[in-house]
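So this block is work_2.tsv, TSV, C-alpha atoms:
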chain	number	residue	atom	x	y	z
A	25	GLY	CA	36.24	32.14	133.40
A	26	PRO	CA	34.92	30.38	136.47
A	27	GLU	CA	33.73	27.47	134.32
A	28	LEU	CA	37.32	26.56	133.47
A	29	VAL	CA	38.39	26.66	137.12
A	30	ASN	CA	35.49	24.35	138.03
A	31	ARG	CA	36.25	22.13	135.02
A	32	ASP	CA	32.75	22.72	133.62
A	33	LEU	CA	31.91	22.94	129.96
A	34	HIS	CA	32.53	26.36	128.50
A	35	SER	CA	31.10	28.41	125.68
A	36	PHE	CA	31.20	31.92	124.27
A	37	ALA	CA	29.98	33.08	127.69
A	38	THR	CA	33.30	31.93	129.13
A	39	ASP	CA	35.11	33.88	126.44
A	40	MET	CA	33.07	37.00	127.29
A	41	TRP	CA	34.10	36.65	130.95
A	42	SER	CA	37.77	36.30	129.94
A	43	ILE	CA	37.64	39.32	127.63
A	44	ALA	CA	36.02	41.43	130.37
A	45	ALA	CA	38.64	40.30	132.89
A	46	THR	CA	41.42	41.25	130.47
A	47	ILE	CA	39.92	44.67	129.74
A	48	THR	CA	39.38	45.27	133.46
A	49	GLU	CA	42.99	44.37	134.24
A	50	MET	CA	44.22	46.69	131.50
A	51	LEU	CA	42.19	49.54	133.00
A	52	VAL	CA	42.70	49.07	136.74
A	53	GLY	CA	46.02	47.21	136.83
A	54	SER	CA	46.78	43.75	138.12
A	55	GLU	CA	47.11	44.96	141.71
A	56	ASN	CA	43.46	46.10	141.68
A	57	LEU	CA	42.00	43.32	139.52
A	58	ASP	CA	40.61	41.15	142.32
A	59	ALA	CA	38.79	44.07	143.97
A	60	ALA	CA	37.38	45.31	140.67
A	61	MET	CA	36.24	41.86	139.54
A	62	ALA	CA	34.57	41.17	142.89
A	63	LYS	CA	32.54	44.37	142.58
A	64	LEU	CA	31.66	43.79	138.93
A	65	GLN	CA	30.62	40.17	139.54
A	66	ALA	CA	28.45	41.25	142.47
A	67	GLY	CA	26.73	43.76	140.18
A	68	GLN	CA	28.10	46.68	142.20
A	69	ARG	CA	29.39	49.96	140.84
A	70	LEU	CA	33.10	50.62	141.00
A	71	ASP	CA	34.04	53.46	143.31
A	72	GLY	CA	36.99	55.62	144.23
A	73	GLU	CA	40.21	54.89	142.40
A	74	LEU	CA	38.70	51.94	140.54
A	75	ALA	CA	35.92	54.09	139.08
A	76	ASP	CA	38.44	56.74	138.05
A	77	ARG	CA	40.28	54.19	135.90
A	78	VAL	CA	37.25	53.15	133.81
A	79	PRO	CA	36.69	55.88	131.20
A	80	THR	CA	32.88	55.71	130.94
A	81	GLN	CA	29.92	54.43	132.90
A	82	GLU	CA	28.75	52.60	129.76
A	83	LEU	CA	31.98	50.60	129.69
A	84	GLU	CA	31.61	49.71	133.36
A	85	ILE	CA	28.05	48.50	132.74
A	86	LEU	CA	29.22	46.46	129.77
A	87	LEU	CA	31.97	44.83	131.84
A	88	ARG	CA	29.44	44.04	134.57
A	89	THR	CA	27.19	42.22	132.07
A	90	MET	CA	30.12	40.21	130.76
A	91	VAL	CA	31.19	38.82	134.18
A	92	ARG	CA	27.84	37.81	135.59
A	93	PRO	CA	28.18	34.74	137.82
A	94	THR	CA	26.44	32.22	135.56
A	95	PRO	CA	27.12	31.85	131.84
A	96	GLU	CA	23.41	32.06	131.01
A	97	GLU	CA	23.25	35.57	132.46
A	98	ARG	CA	26.18	36.95	130.45
A	99	TRP	CA	25.62	38.85	127.25
A	100	SER	CA	26.32	37.10	123.97
A	101	PRO	CA	29.13	38.29	121.70
A	102	SER	CA	26.60	39.75	119.25
A	103	LYS	CA	24.85	41.72	121.99
A	104	VAL	CA	28.19	43.03	123.29
A	105	LEU	CA	29.15	44.15	119.79
A	106	ARG	CA	25.88	46.10	119.43
A	107	THR	CA	26.47	48.22	122.55
A	108	SER	CA	27.07	51.95	122.34
A	109	VAL	CA	30.57	51.39	123.73
A	110	LEU	CA	31.59	49.43	120.63
A	111	ARG	CA	29.27	50.95	118.04
A	112	PRO	CA	31.87	53.44	116.75
A	113	TYR	CA	34.10	50.50	115.84
Would you encode the structure as structure tokens?
Amino acid sequence: GPELVNRDLHSFATDMWSIAATITEMLVGSENLDAAMAKLQAGQRLDGELADRVPTQELEILLRTMVRPTPEERWSPSKVLRTSVLRPY
């Protein structure tokens, strides 16, 4: 996450950012990762080809909450695990 790049202390929030970035890359491909992450971090909806590659709106919302700019704003691992996206698992 950004904390590692800035050499700040990191926590589970950093791990949440990294997991979201990995999932996003798996969905949109490495060539589209920067564009997708910029939109998600800005709290914007994905559109066009990027939106077509994310299977559900719920997953997109979850990814957006996991890459919020500051660690304090990101969802905790327990909150992420309680989402409807992951509930079946």
Region 100-112 of chain A: which residues within 9 Å, counting only C-alpha atoms, same-chain residues fewer than 6 positions away excluded, as a PyMOL selection string?
-> chain A and resi 36-37+39-40+80+82-83+86+89-90
Out of A:Asp76, A:Trp99, A:Glu84, A:Ile43, which residue has the shortest atom-to-atom distance to Leu64 (chain A) when counting all atoms listed in the file?
->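 Once distances to Leu64 (chain A) are computed over all atoms listed in the file, the minimum belongs to A:Glu84.
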Write out as an MDAnalysis selection string each polymer residue whose atoms come within 10 Å of Ala66 (chain A), counting all atoms listed in the file; drop sequence neighbours fewer than 5 positions from it.
-> chainID A and resid 60:61 88 91:93
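Computed from the coordinates, the CA of Ala45 (chain A) to CA of Pro79 (chain A) distance equals 15.8 Å.
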Would you mind listing what lies within 10 Å of Gly53 (chain A) as a ChimeraX atom specification, with all atoms listed in the file counted and same-chain residues fewer than 6 positions away left out?
-> /A:46-47,60,74,77
Distance CA of Gly72 (chain A)-CA of Pro95 (chain A), one decimal place?
->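 Going from CA of Gly72 (chain A) over to CA of Pro95 (chain A), I get 28.6 Å.
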Find the spatial neighbours of Glu73 (chain A), counting all atoms listed in the file, within a cut-off of 10 Å - ignore same-chain residues fewer than 5 positions away - and output them as a ChimeraX atom specification.
-> /A:52,56,78
Residues of the last selection are to be written out with C-alpha atoms, as a PDB file, in the coordinates of the input.
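Output below, filename part14.pdb:
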ATOM      1  CA  VAL A  52      42.700  49.070 136.740  1.00  0.00           C
ATOM      2  CA  ASN A  56      43.460  46.100 141.680  1.00  0.00           C
ATOM      3  CA  VAL A  78      37.250  53.150 133.810  1.00  0.00           C
TER       4      VAL A  78
END
CA of Thr48 (chain A) and CA of Leu87 (chain A), how far apart in Å?
->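 Separating CA of Leu87 (chain A) from CA of Thr48 (chain A) is a distance of 7.6 Å.
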